[in-house]
file data_12.txt (compact mmCIF, C-alpha atoms (C1' of nucleotides))
# COMPACT_ATOMS: atom_id res chain seq x y z
CA MET A 1 17.62 -5.88 15.04
CA SER A 2 14.83 -7.49 13.08
CA THR A 3 15.33 -10.76 11.23
CA HIS A 4 14.74 -8.92 8.00
CA ASP A 5 17.60 -6.50 8.60
CA ASP A 6 19.78 -9.26 9.97
CA LEU A 7 19.40 -11.21 6.78
CA ARG A 8 20.21 -8.21 4.63
CA ALA A 9 23.36 -7.46 6.59
CA ILE A 10 24.48 -11.08 6.62
CA ALA A 11 23.79 -11.48 2.93
CA LEU A 12 25.82 -8.41 2.12
CA ALA A 13 28.75 -9.68 4.16
CA GLU A 14 28.59 -13.15 2.64
CA PHE A 15 28.16 -11.90 -0.92
CA ALA A 16 31.16 -9.62 -0.44
CA ALA A 17 33.25 -12.36 1.09
CA ASN A 18 32.41 -15.26 -1.22
CA GLY A 19 30.78 -13.71 -4.25
CA TYR A 20 27.13 -13.85 -5.30
CA ALA A 21 27.36 -17.20 -7.05
CA GLY A 22 29.59 -18.52 -4.27
CA THR A 23 27.07 -17.76 -1.54
CA SER A 24 24.12 -20.12 -1.05
CA LEU A 25 20.84 -19.26 0.60
CA GLN A 26 21.50 -22.21 2.88
CA ARG A 27 24.72 -20.57 4.07
CA ILE A 28 23.00 -17.24 4.75
CA ALA A 29 20.25 -19.03 6.64
CA GLU A 30 22.79 -20.89 8.79
CA VAL A 31 24.68 -17.73 9.72
CA ALA A 32 21.41 -16.02 10.61
CA GLY A 33 20.24 -19.04 12.59
CA VAL A 34 17.05 -19.52 10.59
CA SER A 35 15.86 -21.92 7.94
CA LYS A 36 16.43 -21.42 4.23
CA ALA A 37 12.68 -21.22 3.73
CA SER A 38 12.59 -18.35 6.19
CA VAL A 39 15.12 -16.41 4.13
CA LEU A 40 12.85 -16.81 1.11
CA TYR A 41 9.92 -15.68 3.20
CA HIS A 42 11.58 -12.32 3.87
CA PHE A 43 13.08 -11.94 0.40
CA SER A 44 11.27 -13.40 -2.56
CA SER A 45 14.46 -14.58 -4.25
CA LYS A 46 18.25 -14.57 -4.03
CA GLU A 47 18.28 -11.70 -6.48
CA ALA A 48 15.91 -9.67 -4.29
CA LEU A 49 18.34 -10.21 -1.43
CA LEU A 50 21.16 -8.82 -3.55
CA GLU A 51 19.01 -5.87 -4.52
CA ALA A 52 18.23 -5.11 -0.89
CA SER A 53 21.93 -5.43 -0.01
CA VAL A 54 23.43 -3.04 -2.52
CA GLY A 55 20.48 -0.94 -3.65
CA PRO A 56 20.77 1.84 -1.04
CA ALA A 57 24.46 2.37 -1.77
CA ILE A 58 23.76 2.65 -5.48
CA ASP A 59 21.00 5.16 -4.85
CA ARG A 60 23.38 7.27 -2.85
CA LEU A 61 26.06 7.19 -5.52
CA THR A 62 23.45 8.22 -8.06
CA THR A 63 22.52 11.18 -5.92
CA ILE A 64 26.13 12.27 -5.60
CA ILE A 65 26.72 12.01 -9.32
CA ASP A 66 23.53 13.87 -10.11
CA ALA A 67 24.78 16.72 -7.96
CA VAL A 68 28.16 16.98 -9.69
CA ASP A 69 26.74 16.67 -13.19
CA GLY A 70 28.34 19.19 -15.51
CA THR A 71 30.44 20.93 -12.88
CA LEU A 72 33.59 18.86 -13.25
CA ASP A 73 35.58 21.66 -14.79
CA ASP A 74 35.17 23.64 -11.59
CA ARG A 75 37.98 22.79 -9.19
CA GLU A 76 36.00 23.57 -6.07
CA ALA A 77 33.05 21.46 -7.15
CA ARG A 78 35.38 18.61 -7.94
CA HIS A 79 36.96 18.77 -4.51
CA ALA A 80 33.51 18.68 -2.93
CA PHE A 81 32.62 15.68 -5.06
CA VAL A 82 35.79 13.87 -4.00
CA GLU A 83 34.89 14.32 -0.34
CA GLN A 84 31.42 12.96 -0.84
CA PHE A 85 32.77 10.10 -2.89
CA VAL A 86 35.32 9.14 -0.24
CA ASP A 87 32.65 9.30 2.44
CA LEU A 88 30.50 6.99 0.37
CA LEU A 89 33.36 4.53 0.04
CA LEU A 90 34.06 4.60 3.76
CA GLU A 91 30.44 4.01 4.72
CA HIS A 92 29.70 1.33 2.14
CA ARG A 93 32.90 -0.68 1.88
CA LEU A 94 31.20 -4.02 1.56
CA GLU A 95 28.84 -2.84 -1.17
CA VAL A 96 31.71 -1.26 -3.06
CA PHE A 97 33.80 -4.38 -2.72
CA LEU A 98 30.90 -6.51 -3.86
CA PHE A 99 30.25 -4.34 -6.87
CA ILE A 100 33.90 -4.16 -7.88
CA ASN A 101 34.12 -7.91 -7.77
CA GLN A 102 30.82 -9.00 -9.18
CA GLY A 103 29.82 -6.04 -11.31
CA ALA A 104 31.36 -7.45 -14.45
CA GLY A 105 30.01 -10.96 -14.18
CA LEU A 106 26.46 -10.34 -13.06
CA GLU A 107 25.00 -8.58 -16.04
CA ASP A 108 21.27 -8.90 -16.68
CA VAL A 109 20.69 -8.72 -12.94
CA PRO A 110 18.60 -5.54 -12.59
CA VAL A 111 20.33 -4.07 -9.56
CA VAL A 112 23.77 -4.73 -11.00
CA ASP A 113 22.81 -3.17 -14.29
CA ARG A 114 21.67 -0.15 -12.34
CA ALA A 115 25.06 0.00 -10.65
CA ASN A 116 26.95 -0.45 -13.89
CA LEU A 117 24.90 2.31 -15.43
CA VAL A 118 25.76 4.86 -12.79
CA VAL A 119 29.44 3.89 -12.88
CA GLU A 120 29.42 4.20 -16.63
CA ARG A 121 27.93 7.65 -16.26
CA LEU A 122 30.82 8.52 -13.98
CA ALA A 123 33.27 7.14 -16.52
CA GLN A 124 31.60 9.14 -19.28
CA PHE A 125 32.04 12.36 -17.35
CA PHE A 126 35.68 11.67 -16.98
CA CYS A 127 36.36 10.40 -20.44
CA THR A 128 34.77 13.42 -22.06
CA ALA A 129 36.45 15.69 -19.54
CA ALA A 130 39.87 14.10 -19.81
CA SER A 131 41.49 14.32 -23.18
CA THR A 132 44.71 12.35 -22.90
CA THR A 133 45.36 8.72 -22.08
CA GLU A 134 47.22 9.73 -18.95
CA ASP A 135 44.36 11.87 -17.72
CA GLN A 136 41.90 9.03 -18.21
CA LEU A 137 44.17 6.75 -16.25
CA ARG A 138 44.40 9.41 -13.56
CA PHE A 139 40.66 9.44 -13.19
CA GLY A 140 40.50 5.68 -13.13
CA MET A 141 43.26 5.32 -10.59
CA ALA A 142 41.94 8.11 -8.41
CA LEU A 143 38.39 6.82 -8.10
CA GLY A 144 38.85 3.12 -8.82
CA GLY A 145 42.04 2.94 -6.80
CA ALA A 146 40.40 4.66 -3.85
CA ALA A 147 37.46 2.29 -4.04
CA TYR A 148 39.76 -0.68 -4.33
CA VAL A 149 42.20 0.21 -1.58
CA LEU A 150 39.37 0.65 0.89
CA SER A 151 37.60 -2.53 0.00
CA VAL A 152 40.48 -4.91 -0.27
CA LYS A 153 41.44 -6.95 2.72
CA THR A 154 45.09 -6.72 3.64
CA GLN A 155 47.08 -7.00 6.81
CA PRO A 156 47.10 -4.46 8.33
CA SER A 157 44.02 -3.20 6.59
CA PRO A 158 42.88 0.41 6.25
CA ARG A 159 39.88 -0.90 8.13
CA GLU A 160 41.85 -0.83 11.33
CA LEU A 161 43.38 2.58 10.82
CA PRO A 162 41.69 5.63 12.34
CA VAL A 163 38.82 6.60 10.06
CA ASP A 164 39.40 10.35 10.21
CA GLU A 165 43.00 9.91 9.23
CA VAL A 166 42.13 7.59 6.36
CA ARG A 167 39.48 9.97 5.10
CA ALA A 168 41.75 13.00 5.14
CA ALA A 169 44.65 11.17 3.53
CA LEU A 170 42.47 9.65 0.85
CA VAL A 171 40.89 12.98 -0.07
CA ARG A 172 44.35 14.47 -0.32
CA ILE A 173 45.70 11.68 -2.53
CA VAL A 174 42.70 11.60 -4.84
CA ASN A 175 42.81 15.37 -5.31
CA GLU A 176 46.53 15.15 -5.92
CA LEU A 177 45.83 12.72 -8.75
CA LEU A 178 42.95 14.72 -10.18
CA ASP A 179 44.27 18.28 -9.94
CA PRO A 180 46.87 18.09 -12.73
CA ILE A 181 44.19 17.05 -15.20
CA VAL A 182 43.38 19.54 -17.92
CA VAL A 183 39.61 19.54 -18.03
CA VAL A 184 37.99 20.57 -21.27
CA ALA A 185 35.16 23.01 -20.74
CA GLY A 186 31.53 21.92 -20.85
CA THR A 187 31.66 18.29 -19.87
CA ARG A 188 28.03 17.88 -20.70
CA MET B 1 46.61 -24.37 -30.49
CA SER B 2 46.21 -27.60 -28.55
CA THR B 3 43.00 -28.45 -26.76
CA HIS B 4 44.89 -28.33 -23.49
CA ASP B 5 46.02 -24.74 -24.03
CA ASP B 6 42.62 -23.80 -25.43
CA LEU B 7 40.95 -24.97 -22.27
CA ARG B 8 43.38 -23.10 -20.05
CA ALA B 9 42.84 -19.86 -21.96
CA ILE B 10 39.06 -20.25 -22.05
CA ALA B 11 38.93 -21.14 -18.36
CA LEU B 12 40.96 -18.05 -17.48
CA ALA B 13 38.65 -15.82 -19.50
CA GLU B 14 35.51 -17.37 -18.04
CA PHE B 15 36.78 -17.34 -14.47
CA ALA B 16 37.70 -13.68 -14.87
CA ALA B 17 34.36 -12.81 -16.43
CA ASN B 18 32.00 -14.78 -14.18
CA GLY B 19 34.03 -15.72 -11.15
CA TYR B 20 35.32 -19.14 -10.14
CA ALA B 21 32.13 -20.29 -8.48
CA GLY B 22 30.09 -18.70 -11.24
CA THR B 23 31.81 -20.67 -13.99
CA SER B 24 30.80 -24.30 -14.55
CA LEU B 25 32.90 -26.94 -16.24
CA GLN B 26 29.96 -27.43 -18.56
CA ARG B 27 30.22 -23.81 -19.68
CA ILE B 28 33.97 -24.06 -20.31
CA ALA B 29 33.41 -27.25 -22.28
CA GLU B 30 30.73 -25.62 -24.43
CA VAL B 31 32.90 -22.60 -25.27
CA ALA B 32 35.77 -24.92 -26.16
CA GLY B 33 33.48 -27.13 -28.21
CA VAL B 34 34.26 -30.31 -26.30
CA SER B 35 32.48 -32.38 -23.68
CA LYS B 36 32.68 -31.74 -19.96
CA ALA B 37 34.33 -35.14 -19.52
CA SER B 38 37.03 -34.04 -21.92
CA VAL B 39 37.81 -31.01 -19.79
CA LEU B 40 38.29 -33.31 -16.82
CA TYR B 41 40.51 -35.51 -18.92
CA HIS B 42 42.95 -32.65 -19.51
CA PHE B 43 42.67 -31.20 -16.00
CA SER B 44 42.03 -33.50 -13.10
CA SER B 45 39.66 -31.06 -11.37
CA LYS B 46 38.19 -27.59 -11.56
CA GLU B 47 40.79 -26.47 -9.04
CA ALA B 48 43.60 -27.80 -11.24
CA LEU B 49 42.19 -25.71 -14.07
CA LEU B 50 42.34 -22.63 -11.88
CA GLU B 51 45.88 -23.47 -10.89
CA ALA B 52 46.93 -23.79 -14.52
CA SER B 53 45.19 -20.52 -15.34
CA VAL B 54 46.76 -18.23 -12.78
CA GLY B 55 49.85 -20.15 -11.65
CA PRO B 56 52.32 -18.72 -14.17
CA ALA B 57 51.34 -15.13 -13.40
CA ILE B 58 51.82 -15.74 -9.69
CA ASP B 59 55.23 -17.27 -10.30
CA ARG B 60 56.27 -14.22 -12.24
CA LEU B 61 55.09 -11.84 -9.53
CA THR B 62 57.04 -13.87 -6.99
CA THR B 63 60.16 -13.51 -9.09
CA ILE B 64 59.73 -9.75 -9.35
CA ILE B 65 59.21 -9.38 -5.61
CA ASP B 66 62.17 -11.59 -4.83
CA ALA B 67 64.33 -9.27 -6.91
CA VAL B 68 63.21 -6.11 -5.13
CA ASP B 69 63.44 -7.60 -1.65
CA GLY B 70 65.08 -5.18 0.74
CA THR B 71 65.88 -2.52 -1.81
CA LEU B 72 62.74 -0.47 -1.46
CA ASP B 73 64.50 2.43 0.18
CA ASP B 74 66.52 2.93 -2.99
CA ARG B 75 64.65 5.22 -5.35
CA GLU B 76 66.21 3.78 -8.49
CA ALA B 77 65.41 0.22 -7.51
CA ARG B 78 61.86 1.21 -6.74
CA HIS B 79 61.42 2.78 -10.14
CA ALA B 80 62.74 -0.36 -11.79
CA PHE B 81 60.30 -2.41 -9.73
CA VAL B 82 57.40 -0.21 -10.77
CA GLU B 83 58.22 -0.76 -14.44
CA GLN B 84 58.34 -4.51 -14.01
CA PHE B 85 55.14 -4.45 -12.01
CA VAL B 86 53.28 -2.44 -14.63
CA ASP B 87 54.53 -4.78 -17.35
CA LEU B 88 53.23 -7.71 -15.35
CA LEU B 89 49.83 -6.06 -15.03
CA LEU B 90 49.68 -5.32 -18.75
CA GLU B 91 50.57 -8.86 -19.75
CA HIS B 92 48.39 -10.65 -17.24
CA ARG B 93 45.27 -8.52 -17.00
CA LEU B 94 42.86 -11.41 -16.76
CA GLU B 95 44.84 -13.16 -14.05
CA VAL B 96 45.13 -9.93 -12.08
CA PHE B 97 41.43 -9.24 -12.47
CA LEU B 98 40.62 -12.77 -11.40
CA PHE B 99 42.82 -12.55 -8.35
CA ILE B 100 41.52 -9.15 -7.30
CA ASN B 101 37.98 -10.44 -7.47
CA GLN B 102 38.28 -13.93 -6.13
CA GLY B 103 41.38 -13.69 -3.97
CA ALA B 104 39.45 -12.93 -0.83
CA GLY B 105 36.74 -15.52 -1.21
CA LEU B 106 38.71 -18.54 -2.34
CA GLU B 107 40.87 -19.24 0.65
CA ASP B 108 42.04 -22.79 1.23
CA VAL B 109 42.49 -23.19 -2.50
CA PRO B 110 46.24 -23.84 -2.81
CA VAL B 111 46.95 -21.62 -5.78
CA VAL B 112 44.96 -18.74 -4.31
CA ASP B 113 46.75 -19.08 -1.02
CA ARG B 114 50.00 -18.89 -2.92
CA ALA B 115 48.80 -15.68 -4.56
CA ASN B 116 47.59 -14.19 -1.29
CA LEU B 117 50.94 -15.02 0.25
CA VAL B 118 52.96 -13.15 -2.32
CA VAL B 119 50.62 -10.16 -2.19
CA GLU B 120 50.85 -10.15 1.57
CA ARG B 121 54.62 -10.13 1.24
CA LEU B 122 54.30 -7.09 -0.98
CA ALA B 123 52.03 -5.43 1.55
CA GLN B 124 54.48 -6.23 4.34
CA PHE B 125 57.29 -4.51 2.48
CA PHE B 126 55.22 -1.42 2.13
CA CYS B 127 53.74 -1.38 5.58
CA THR B 128 57.12 -1.68 7.23
CA ALA B 129 58.58 0.81 4.79
CA ALA B 130 55.76 3.31 5.09
CA SER B 131 55.28 4.80 8.50
CA THR B 132 52.19 6.98 8.21
CA THR B 133 48.61 6.16 7.33
CA GLU B 134 48.84 8.33 4.24
CA ASP B 135 51.95 6.58 3.01
CA GLN B 136 50.32 3.18 3.42
CA LEU B 137 47.33 4.40 1.43
CA ARG B 138 49.72 5.74 -1.20
CA PHE B 139 51.26 2.31 -1.61
CA GLY B 140 47.87 0.69 -1.76
CA MET B 141 46.47 3.12 -4.27
CA ALA B 142 49.59 3.06 -6.41
CA LEU B 143 49.81 -0.71 -6.79
CA GLY B 144 46.23 -1.75 -6.15
CA GLY B 145 44.83 1.13 -8.14
CA ALA B 146 47.11 0.38 -11.06
CA ALA B 147 46.09 -3.26 -10.97
CA TYR B 148 42.44 -2.33 -10.72
CA VAL B 149 42.33 0.32 -13.41
CA LEU B 150 43.88 -2.06 -15.92
CA SER B 151 41.62 -4.96 -15.15
CA VAL B 152 38.28 -3.23 -14.87
CA LYS B 153 36.06 -3.00 -17.87
CA THR B 154 34.94 0.49 -18.76
CA GLN B 155 33.99 2.31 -21.92
CA PRO B 156 36.39 3.22 -23.40
CA SER B 157 38.65 0.82 -21.64
CA PRO B 158 42.40 1.09 -21.14
CA ARG B 159 42.37 -2.13 -23.10
CA GLU B 160 41.71 -0.24 -26.28
CA LEU B 161 44.21 2.53 -25.69
CA PRO B 162 47.70 2.24 -27.18
CA VAL B 163 49.73 -0.02 -24.92
CA ASP B 164 52.93 2.00 -24.99
CA GLU B 165 51.08 5.12 -23.98
CA VAL B 166 49.25 3.33 -21.16
CA ARG B 167 52.47 1.82 -19.89
CA ALA B 168 54.35 5.11 -19.86
CA ALA B 169 51.50 7.00 -18.22
CA LEU B 170 50.93 4.34 -15.61
CA VAL B 171 54.59 4.19 -14.65
CA ARG B 172 54.59 7.97 -14.30
CA ILE B 173 51.46 8.05 -12.13
CA VAL B 174 52.55 5.22 -9.87
CA ASN B 175 55.95 6.80 -9.32
CA GLU B 176 54.28 10.12 -8.66
CA LEU B 177 52.28 8.45 -5.90
CA LEU B 178 55.23 6.58 -4.48
CA ASP B 179 57.98 9.20 -4.61
CA PRO B 180 56.74 11.45 -1.79
CA ILE B 181 56.82 8.54 0.62
CA VAL B 182 59.39 8.72 3.35
CA VAL B 183 60.88 5.26 3.43
CA VAL B 184 62.40 4.14 6.66
CA ALA B 185 65.75 2.47 6.20
CA GLY B 186 66.07 -1.30 6.32
CA THR B 187 62.75 -2.60 5.13
CA ARG B 188 63.64 -6.02 6.39
C1' DA C 1 46.57 -53.92 -41.80
C1' DC C 2 47.27 -54.18 -37.10
C1' DA C 3 48.23 -52.91 -32.19
C1' DG C 4 48.92 -49.49 -28.77
C1' DT C 5 48.27 -45.18 -26.98
C1' DT C 6 46.15 -40.72 -26.63
C1' DT C 7 42.03 -38.22 -26.93
C1' DC C 8 37.38 -37.87 -26.29
C1' DT C 9 32.46 -38.93 -25.08
C1' DG C 10 27.62 -40.34 -23.08
C1' DA C 11 25.73 -42.06 -19.22
C1' DC C 12 25.64 -41.84 -14.69
C1' DC C 13 26.58 -40.59 -9.53
C1' DG C 14 25.69 -38.10 -5.04
C1' DA C 15 25.44 -33.45 -3.51
C1' DT C 16 23.79 -29.00 -3.63
C1' DC C 17 21.55 -25.32 -5.91
C1' DG C 18 17.28 -21.78 -5.89
C1' DG C 19 12.61 -22.08 -5.10
C1' DT C 20 7.62 -23.90 -3.68
C1' DC C 21 4.17 -25.23 -0.50
C1' DA C 22 1.31 -27.03 3.18
C1' DG C 23 1.29 -26.67 7.66
C1' DT C 24 2.97 -25.18 12.45
C1' DT C 25 4.26 -21.72 15.88
C1' DA C 26 4.24 -17.07 17.96
C1' DC C 27 1.82 -13.05 18.86
C1' DG C 28 -1.17 -8.75 19.15
C1' DG C 29 -6.00 -6.95 19.18
C1' DT C 30 -10.58 -7.62 20.86
C1' DA D 1 -10.30 -17.22 25.34
C1' DC D 2 -10.50 -16.67 20.64
C1' DC D 3 -8.94 -15.30 16.11
C1' DG D 4 -6.36 -13.31 12.30
C1' DT D 5 -2.06 -12.41 10.78
C1' DA D 6 2.90 -12.52 10.58
C1' DA D 7 6.90 -15.44 11.15
C1' DC D 8 8.78 -19.59 10.44
C1' DT D 9 9.79 -24.54 9.19
C1' DG D 10 10.45 -29.45 7.04
C1' DA D 11 9.73 -31.83 3.11
C1' DC D 12 10.06 -31.74 -1.41
C1' DC D 13 10.89 -30.28 -6.55
C1' DG D 14 13.59 -30.02 -10.98
C1' DA D 15 17.97 -28.38 -12.41
C1' DT D 16 22.71 -28.15 -12.19
C1' DC D 17 26.94 -28.80 -9.87
C1' DG D 18 31.87 -31.35 -9.88
C1' DG D 19 33.45 -35.74 -10.74
C1' DT D 20 33.76 -41.01 -12.33
C1' DC D 21 33.95 -44.65 -15.63
C1' DA D 22 33.62 -47.86 -19.45
C1' DG D 23 34.12 -47.67 -23.97
C1' DA D 24 34.24 -45.36 -28.77
C1' DA D 25 37.06 -42.69 -31.96
C1' DA D 26 41.30 -40.92 -33.70
C1' DC D 27 46.05 -40.97 -34.28
C1' DT D 28 50.75 -43.32 -34.10
C1' DG D 29 54.59 -46.34 -35.33
C1' DT D 30 55.51 -50.74 -37.39
call {"tool": "encode", "arguments": {"input": "data_12.txt", "output": "C-alpha cells"}}
result
Amino acid sequence: MSTHDDLRAIALAEFAANGYAGTSLQRIAEVAGVSKASVLYHFSSKEALLEASVGPAIDRLTTIIDAVDGTLDDREARHAFVEQFVDLLLEHRLEVFLFINQGAGLEDVPVVDRANLVVERLAQFFCTAASTTEDQLRFGMALGGAAYVLSVKTQPSPRELPVDEVRAALVRIVNELLDPIVVVAGTR
Amino acid sequence: MSTHDDLRAIALAEFAANGYAGTSLQRIAEVAGVSKASVLYHFSSKEALLEASVGPAIDRLTTIIDAVDGTLDDREARHAFVEQFVDLLLEHRLEVFLFINQGAGLEDVPVVDRANLVVERLAQFFCTAASTTEDQLRFGMALGGAAYVLSVKTQPSPRELPVDEVRAALVRIVNELLDPIVVVAGTR
DNA sequence: ACAGTTTCTGACCGATCGGTCAGTTACGGT
DNA sequence: ACCGTAACTGACCGATCGGTCAGAAACTGT
C-alpha cells in the first residue's frame, strides 16, 4: 500500500483509539515509520488527515439517507434502509466509533460539521416521524445503539463474532425496535 | 457552591464536551473564573480532577452490579436491575458520556481502569449468561444503547423530554430487548 | 490588632503540540 | 548520464501543554 493510504489508515485507527486531540502527528508518523514532516507532506494539516479518514464514510451515509428520504412510513423501505445502515456500520466501525466519540467536541471542524449535519438530518426524519417520547427513544436506541454496540471494544467483542451472524442478528433487533413505531404519514 | 465543587462540576462538563485530552486546565480555570494555579491547588493533577469527576458514578455502578451478581437468570431481579441502571444513567449522563467516549483511549489512568473493570464485569455476566450471538448483541444494545441514547446530544434531545416519561419508556424498551434472551442457569 | 491558616495568583519550567522550510534522497523519462 | 519531479527529512518556530513555587490576599479565632 502507498504511504499516503498507510497514513490515512493509521490516522483513522489512532484517532479512534485515542481521540483526535489525544493523537499527535508525531505518534502517527512513528507508527507509519516516517517523519512527522512527511505526514504533513502528504496531508496539509492534521485536520486534512481527519477529513481524509472519515470523509468517505460520511459520504456513504449521506447517500443512504438521500435514498430513504421521505419513505420512512413505508415498512419495506425502512427495512431496506436498516440493512444498508447496518452494512455501513459493519464496514466503517472505526469511523463510526470516532464520530460517536468526537462528534460532539469537534465542532467548527468542517468534516465533523458535515457529519453532524447528516446525523441531524437522520434525527429530524425520526423525530418528525415518531410522535411519542418512547418512539423517539426507540429510534435513538435502534440506530445509536447499533452503532455503539459495534464500535465499542469489549471482551469478547462483536468484532470477533462471525460477521454474517452479527449482521443478521443486528438487522433483526433493529427492526424489532423500529416496527412497533407508529409513523405519521408524510415525514417530509 | 464552593470553588472545589465548582471546579469538579466544570471539569466534568468540559471533559464530557471536549474530551479529556481536549480539555486544558487553563480552559477549566477560565470557565471557573480562577487561575490555572488555583485549579492545581484544589486538585493535585489533571488526573485527580478526572478521578473526582467520574469516581462517584463508578462507585455507584459497582454497587448496583454487586447487588445483581449471580441473579441474572431471575427475571424479577433483572427487571429491578434495569430500573436501577436506567436511574444511574439519568442521574449521571455526563459521566456516562465521558466514559463511553474516553474509556477506550485512556487506559492506564487509574480511575478509567476502574471503570473499564466494572463494565467488563457487566459484560462478563452477560456473555456467560447469553449463549448466542444475537443474545449478546441484545445485551449490548440494551445497556450500551440506553447509555448512548441518553448521553448523545441531538435535537430535540432526550435531555429536554420529561424525565419520568423517558425513564418509563427506557425501562420498557430495555426489558423488551432483554426478556427474549434465554439465560443459562448459574451465571457464575 | 495580630497571628495563623487557607485560598489564590503571576511567573516560570521543560516538554510537546501543529506547522514551516531549506535541503537531501529516490526515481522515472529521455 | 542527465534532469525534473515526487518523496522525504532534520532543524526550527511560536504556542500551549501540565505542573511547580514563592509570595500576596483573604479569612479565622483570639
call {"tool": "closest_atom_pairs", "arguments": {"input": "data_12.txt", "of": "chain A", "to": "chain B", "cutoff": "9 Å", "atoms": "all atoms listed in the file", "output": "Markdown table"}}
result
| residue | atom | partner | partner_atom | distance |
| --- | --- | --- | --- | --- |
| A:Ala16 | CA | B:Gly105 | CA | 8.2 |
| A:Ala17 | CA | B:Gly105 | CA | 5.2 |
| A:Asn18 | CA | B:Gly105 | CA | 4.3 |
| A:Gly19 | CA | B:Gly105 | CA | 6.9 |
| A:Tyr20 | CA | B:Gly22 | CA | 8.2 |
| A:Ala21 | CA | B:Gly22 | CA | 5.2 |
| A:Gly22 | CA | B:Ala21 | CA | 5.2 |
| A:Thr23 | CA | B:Ala21 | CA | 9.0 |
| A:Phe97 | CA | B:Asn101 | CA | 8.8 |
| A:Leu98 | CA | B:Asn101 | CA | 8.9 |
| A:Ile100 | CA | B:Asn101 | CA | 7.5 |
| A:Asn101 | CA | B:Asn101 | CA | 4.6 |
| A:Gln102 | CA | B:Asn101 | CA | 7.5 |
| A:Ala104 | CA | B:Ala17 | CA | 6.5 |
| A:Gly105 | CA | B:Asn18 | CA | 4.3 |
| A:Leu106 | CA | B:Asn18 | CA | 7.2 |
| A:Val119 | CA | B:Thr154 | CA | 8.7 |
| A:Glu120 | CA | B:Thr154 | CA | 7.0 |
| A:Ala123 | CA | B:Thr154 | CA | 7.2 |
| A:Gln124 | CA | B:Gln155 | CA | 7.7 |
| A:Cys127 | CA | B:Pro156 | CA | 7.8 |
| A:Thr133 | CA | B:Val166 | CA | 6.7 |
| A:Glu134 | CA | B:Ala169 | CA | 5.1 |
| A:Asp135 | CA | B:Ala169 | CA | 8.7 |
| A:Gln136 | CA | B:Pro158 | CA | 8.5 |
| A:Leu137 | CA | B:Leu170 | CA | 7.2 |
| A:Arg138 | CA | B:Ile173 | CA | 7.3 |
| A:Gly140 | CA | B:Val149 | CA | 5.7 |
| A:Met141 | CA | B:Gly145 | CA | 5.1 |
| A:Ala142 | CA | B:Gly145 | CA | 7.6 |
| A:Leu143 | CA | B:Gly145 | CA | 8.6 |
| A:Gly144 | CA | B:Gly145 | CA | 6.3 |
| A:Gly145 | CA | B:Gly145 | CA | 3.6 |
| A:Ala146 | CA | B:Met141 | CA | 6.3 |
| A:Ala147 | CA | B:Gly145 | CA | 8.5 |
| A:Tyr148 | CA | B:Gly145 | CA | 6.6 |
| A:Val149 | CA | B:Gly140 | CA | 5.7 |
| A:Leu150 | CA | B:Leu137 | CA | 8.8 |
| A:Val152 | CA | B:Ala104 | CA | 8.1 |
| A:Lys153 | CA | B:Ala104 | CA | 7.2 |
| A:Thr154 | CA | B:Glu120 | CA | 7.0 |
| A:Gln155 | CA | B:Glu120 | CA | 7.2 |
| A:Pro156 | CA | B:Cys127 | CA | 7.8 |
| A:Pro158 | CA | B:Leu137 | CA | 7.7 |
| A:Leu161 | CA | B:Thr133 | CA | 7.2 |
| A:Pro162 | CA | B:Thr133 | CA | 8.6 |
| A:Glu165 | CA | B:Thr133 | CA | 7.0 |
| A:Val166 | CA | B:Thr133 | CA | 6.7 |
| A:Ala168 | CA | B:Glu134 | CA | 8.5 |
| A:Ala169 | CA | B:Glu134 | CA | 5.1 |
| A:Leu170 | CA | B:Leu137 | CA | 7.2 |
| A:Arg172 | CA | B:Glu134 | CA | 8.9 |
| A:Ile173 | CA | B:Arg138 | CA | 7.3 |
| A:Glu176 | CA | B:Leu177 | CA | 8.8 |
| A:Leu177 | CA | B:Ile173 | CA | 8.1 |
call {"tool": "atom_distance", "arguments": {"input": "data_12.txt", "atom1": "CA of Ser2 (chain B)", "atom2": "CA of Arg93 (chain B)"}}
result
22.3 Å
call {"tool": "closest_residue", "arguments": {"input": "data_12.txt", "among": "D:DG4, D:DG29, D:DG18, D:DG10", "to": "chain A", "atoms": "only C-alpha atoms (C1' of nucleotides)"}}
result
D:DG10
call {"tool": "residues_around", "arguments": {"input": "data_12.txt", "residues": "DC17 (chain D)", "least_positions_apart": "6", "cutoff": "8 Å", "atoms": "all atoms listed in the file", "output": "PyMOL selection string"}}
result
(chain B and resi 24) or (chain C and resi 16-17)
call {"tool": "write_last_selection", "arguments": {"input": "data_12.txt", "atoms": "C-alpha atoms (C1' of nucleotides)", "output": "PDB file, keeping the file's coordinate frame"}}
result
ATOM      1  CA  SER B  24      30.800 -24.300 -14.550  1.00  0.00           C
TER       2      SER B  24
ATOM      3  C1'  DT C  16      23.790 -29.000  -3.630  1.00  0.00           C
ATOM      4  C1'  DC C  17      21.550 -25.320  -5.910  1.00  0.00           C
TER       5       DC C  17
END
call {"tool": "residues_around", "arguments": {"input": "data_12.txt", "residues": "DT25 (chain C)", "least_positions_apart": "6", "cutoff": "10 Å", "atoms": "only C-alpha atoms (C1' of nucleotides)", "output": "PyMOL selection string"}}
result
chain D and resi 7-9
call {"tool": "closest_atom_pairs", "arguments": {"input": "data_12.txt", "of": "chain C", "to": "chain B", "cutoff": "10 Å", "atoms": "all atoms listed in the file", "output": "JSON lines"}}
result
{"residue": "C:DT7", "atom": "C1'", "partner": "B:Ser38", "partner_atom": "CA", "distance": 8.2}
{"residue": "C:DC8", "atom": "C1'", "partner": "B:Ser38", "partner_atom": "CA", "distance": 5.8}
{"residue": "C:DT9", "atom": "C1'", "partner": "B:Ser35", "partner_atom": "CA", "distance": 6.7}
{"residue": "C:DG10", "atom": "C1'", "partner": "B:Ala37", "partner_atom": "CA", "distance": 9.2}
call {"tool": "residues_around", "arguments": {"input": "data_12.txt", "residues": "region 43-55 of chain A", "least_positions_apart": "3", "cutoff": "6 Å", "atoms": "only C-alpha atoms (C1' of nucleotides)", "output": "ChimeraX atom specification"}}
result
/A:8,12,40,58,95,111
call {"tool": "atom_distance", "arguments": {"input": "data_12.txt", "atom1": "CA of Ser151 (chain A)", "atom2": "CA of Val68 (chain A)"}}
result
23.7 Å
call {"tool": "atom_distance", "arguments": {"input": "data_12.txt", "atom1": "CA of Asn175 (chain B)", "atom2": "CA of Val82 (chain B)"}}
result
7.3 Å
call {"tool": "residues_around", "arguments": {"input": "data_12.txt", "residues": "DA11 (chain D)", "least_positions_apart": "5", "cutoff": "12 Å", "atoms": "only C-alpha atoms (C1' of nucleotides)", "output": "PyMOL selection string"}}
result
(chain A and resi 37) or (chain C and resi 20-23)
